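Undergrad: Below is one structure. I have some questions about it.
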Amino acid sequence: MADIDTDVTAEVVPQPIAEEEVRICLFSISGDTYAVTVDILVEIIIPQKIFSVPTTPSHVVGVINLRGNIVPIVDIRPALSLPVSVGANQIAIIRYNQMIFGILVDTVAEVISVPLSSVTPLPAEVAVQDEGAKNRSRYLKAVIQRQNGVAALLNIDRLLEAIRLT
């Protein structure tokens, strides 16, 4: 029988706390790596027939028929102070606040999960920059540190203001 007065010691091993992660889709535009969270990404499609619409701003490339839905396709390069697209390889379809639109991208790299500690929000001063300034950082929400470089998380609210789809 075991003695009740015997001291029993046990080593308590702390369990590692799982860090929260965010899932993002990485893509390139004019050689730079950008990202959107997968919660707003509907799908990635290859370019199809884009129908131009008269009297739309130059960054609105046109519209496509995506399974019976008319979806505007935009080139966000001018907002990011990048040269206008000469032909994108893919279209990222975004659903944001009841709106669906497509963004022309050069290539989609991958969908990954990154720890929240690797996501560095941009300072609030970035939001108040002059709209006429050729500074793409006002359209970014955060910078994501990765093993092989960084990616810029797009601020869809500010991009929509710039491209005036809302």
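A note on labels: chains of the structure tokens are A, B, ... as shown, every chain counts residues from 1, and ligands are counted from 1 in their shown order.
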Need the shell around A:Ile100: protein/DNA/RNA residues with any atom at most 8 Å away, counting only C-alpha atoms. Skip same-chain ones fewer than 5 positions apart. Format as an MDAnalysis selection string?
TA: chainID A and resid 71:72 93:95
Undergrad: Take the selection from the previous step and output its residues with all heavy atoms, as a PDB file, in the first residue's frame.
TA:
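What landed in part.pdb:
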```pdb
ATOM      1  N   VAL A  71     -19.274  40.979 -63.498  1.00  0.00           N
ATOM      2  CA  VAL A  71     -18.233  41.342 -62.533  1.00  0.00           C
ATOM      3  C   VAL A  71     -17.303  42.366 -63.166  1.00  0.00           C
ATOM      4  O   VAL A  71     -16.697  42.094 -64.205  1.00  0.00           O
ATOM      5  CB  VAL A  71     -17.430  40.090 -62.104  1.00  0.00           C
ATOM      6  CG1 VAL A  71     -16.323  40.456 -61.130  1.00  0.00           C
ATOM      7  CG2 VAL A  71     -18.354  39.028 -61.501  1.00  0.00           C
ATOM      8  N   PRO A  72     -17.169  43.565 -62.532  1.00  0.00           N
ATOM      9  CA  PRO A  72     -16.212  44.537 -63.061  1.00  0.00           C
ATOM     10  C   PRO A  72     -14.775  44.074 -62.792  1.00  0.00           C
ATOM     11  O   PRO A  72     -14.490  43.502 -61.740  1.00  0.00           O
ATOM     12  CB  PRO A  72     -16.529  45.821 -62.291  1.00  0.00           C
ATOM     13  CG  PRO A  72     -17.249  45.384 -61.073  1.00  0.00           C
ATOM     14  CD  PRO A  72     -17.906  44.081 -61.387  1.00  0.00           C
ATOM     15  N   ILE A  93     -10.771  37.313 -57.923  1.00  0.00           N
ATOM     16  CA  ILE A  93     -12.150  37.739 -57.701  1.00  0.00           C
ATOM     17  C   ILE A  93     -12.332  37.983 -56.205  1.00  0.00           C
ATOM     18  O   ILE A  93     -12.082  37.092 -55.384  1.00  0.00           O
ATOM     19  CB  ILE A  93     -13.162  36.685 -58.205  1.00  0.00           C
ATOM     20  CG1 ILE A  93     -12.925  36.369 -59.688  1.00  0.00           C
ATOM     21  CG2 ILE A  93     -14.593  37.160 -57.952  1.00  0.00           C
ATOM     22  CD1 ILE A  93     -13.170  37.515 -60.641  1.00  0.00           C
ATOM     23  N   ILE A  94     -12.749  39.202 -55.876  1.00  0.00           N
ATOM     24  CA  ILE A  94     -12.872  39.646 -54.491  1.00  0.00           C
ATOM     25  C   ILE A  94     -14.341  39.911 -54.175  1.00  0.00           C
ATOM     26  O   ILE A  94     -15.047  40.516 -54.973  1.00  0.00           O
ATOM     27  CB  ILE A  94     -12.074  40.959 -54.270  1.00  0.00           C
ATOM     28  CG1 ILE A  94     -10.619  40.817 -54.715  1.00  0.00           C
ATOM     29  CG2 ILE A  94     -12.196  41.460 -52.848  1.00  0.00           C
ATOM     30  CD1 ILE A  94      -9.764  39.953 -53.870  1.00  0.00           C
ATOM     31  N   ARG A  95     -14.781  39.469 -52.995  1.00  0.00           N
ATOM     32  CA  ARG A  95     -16.107  39.816 -52.482  1.00  0.00           C
ATOM     33  C   ARG A  95     -15.879  40.653 -51.230  1.00  0.00           C
ATOM     34  O   ARG A  95     -15.306  40.191 -50.257  1.00  0.00           O
ATOM     35  CB  ARG A  95     -16.930  38.593 -52.119  1.00  0.00           C
ATOM     36  CG  ARG A  95     -18.323  38.963 -51.556  1.00  0.00           C
ATOM     37  CD  ARG A  95     -19.103  37.768 -51.047  1.00  0.00           C
ATOM     38  NE  ARG A  95     -19.120  36.635 -51.946  1.00  0.00           N
ATOM     39  CZ  ARG A  95     -20.027  36.431 -52.907  1.00  0.00           C
ATOM     40  NH1 ARG A  95     -21.003  37.301 -53.079  1.00  0.00           N
ATOM     41  NH2 ARG A  95     -19.961  35.368 -53.680  1.00  0.00           N
TER      42      ARG A  95
END
```
Undergrad: Determine, counting only C-alpha atoms, which protein, DNA and RNA residues have an atom within 8 Å of an atom of A:Ile76; residues of the same chain fewer than 6 positions away are not included. Present the result as a PyMOL selection string.
TA: chain A and resi 59+103-104+159+163
Undergrad: Just to be explicit: take each residue in the selection above, keep C-alpha atoms, and write the result as a short mmCIF file (atom, residue, chain, number, x, y, z; two decimals), in the first residue's frame.
TA:
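Generated file (again11.cif):
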```cif
data_model
loop_
_atom_site.label_atom_id
_atom_site.label_comp_id
_atom_site.auth_asym_id
_atom_site.auth_seq_id
_atom_site.Cartn_x
_atom_site.Cartn_y
_atom_site.Cartn_z
CA HIS A 59 -8.61 51.62 -64.46
CA ILE A 103 -8.29 42.57 -59.79
CA LEU A 104 -5.80 41.93 -62.59
CA LEU A 159 -8.39 50.93 -52.94
CA ILE A 163 -10.88 53.30 -58.00
#
```
Undergrad: Give the strand (DSSP E) residues of stretch 9-150 of chain A, as DSSP finds them on the backbone, and put them as a ChimeraX atom specification.
TA: /A:21-29,32-37,41-45,60-66,69-74,90-96,99-105,107-115,119-121,140-146,149-150
Undergrad: Kindly indicate which residue among A:Glu161, A:Glu43, A:Asp32, A:Glu110 lies nearest to A:Ile91, using only C-alpha atoms for the distances.
TA: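 The closest residue to A:Ile91 is A:Glu43.
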Undergrad: Can you tell me, as an NGL selection string, what residues are no more than 12 Å from stretch 77-87 of chain A when counting only C-alpha atoms, ignoring any on the same chain fewer than 4 positions away?
TA: :A and (28-32 or 34 or 46-48 or 50 or 57-61 or 91 or 103-107 or 131-140 or 152 or 154-156 or 158-164)
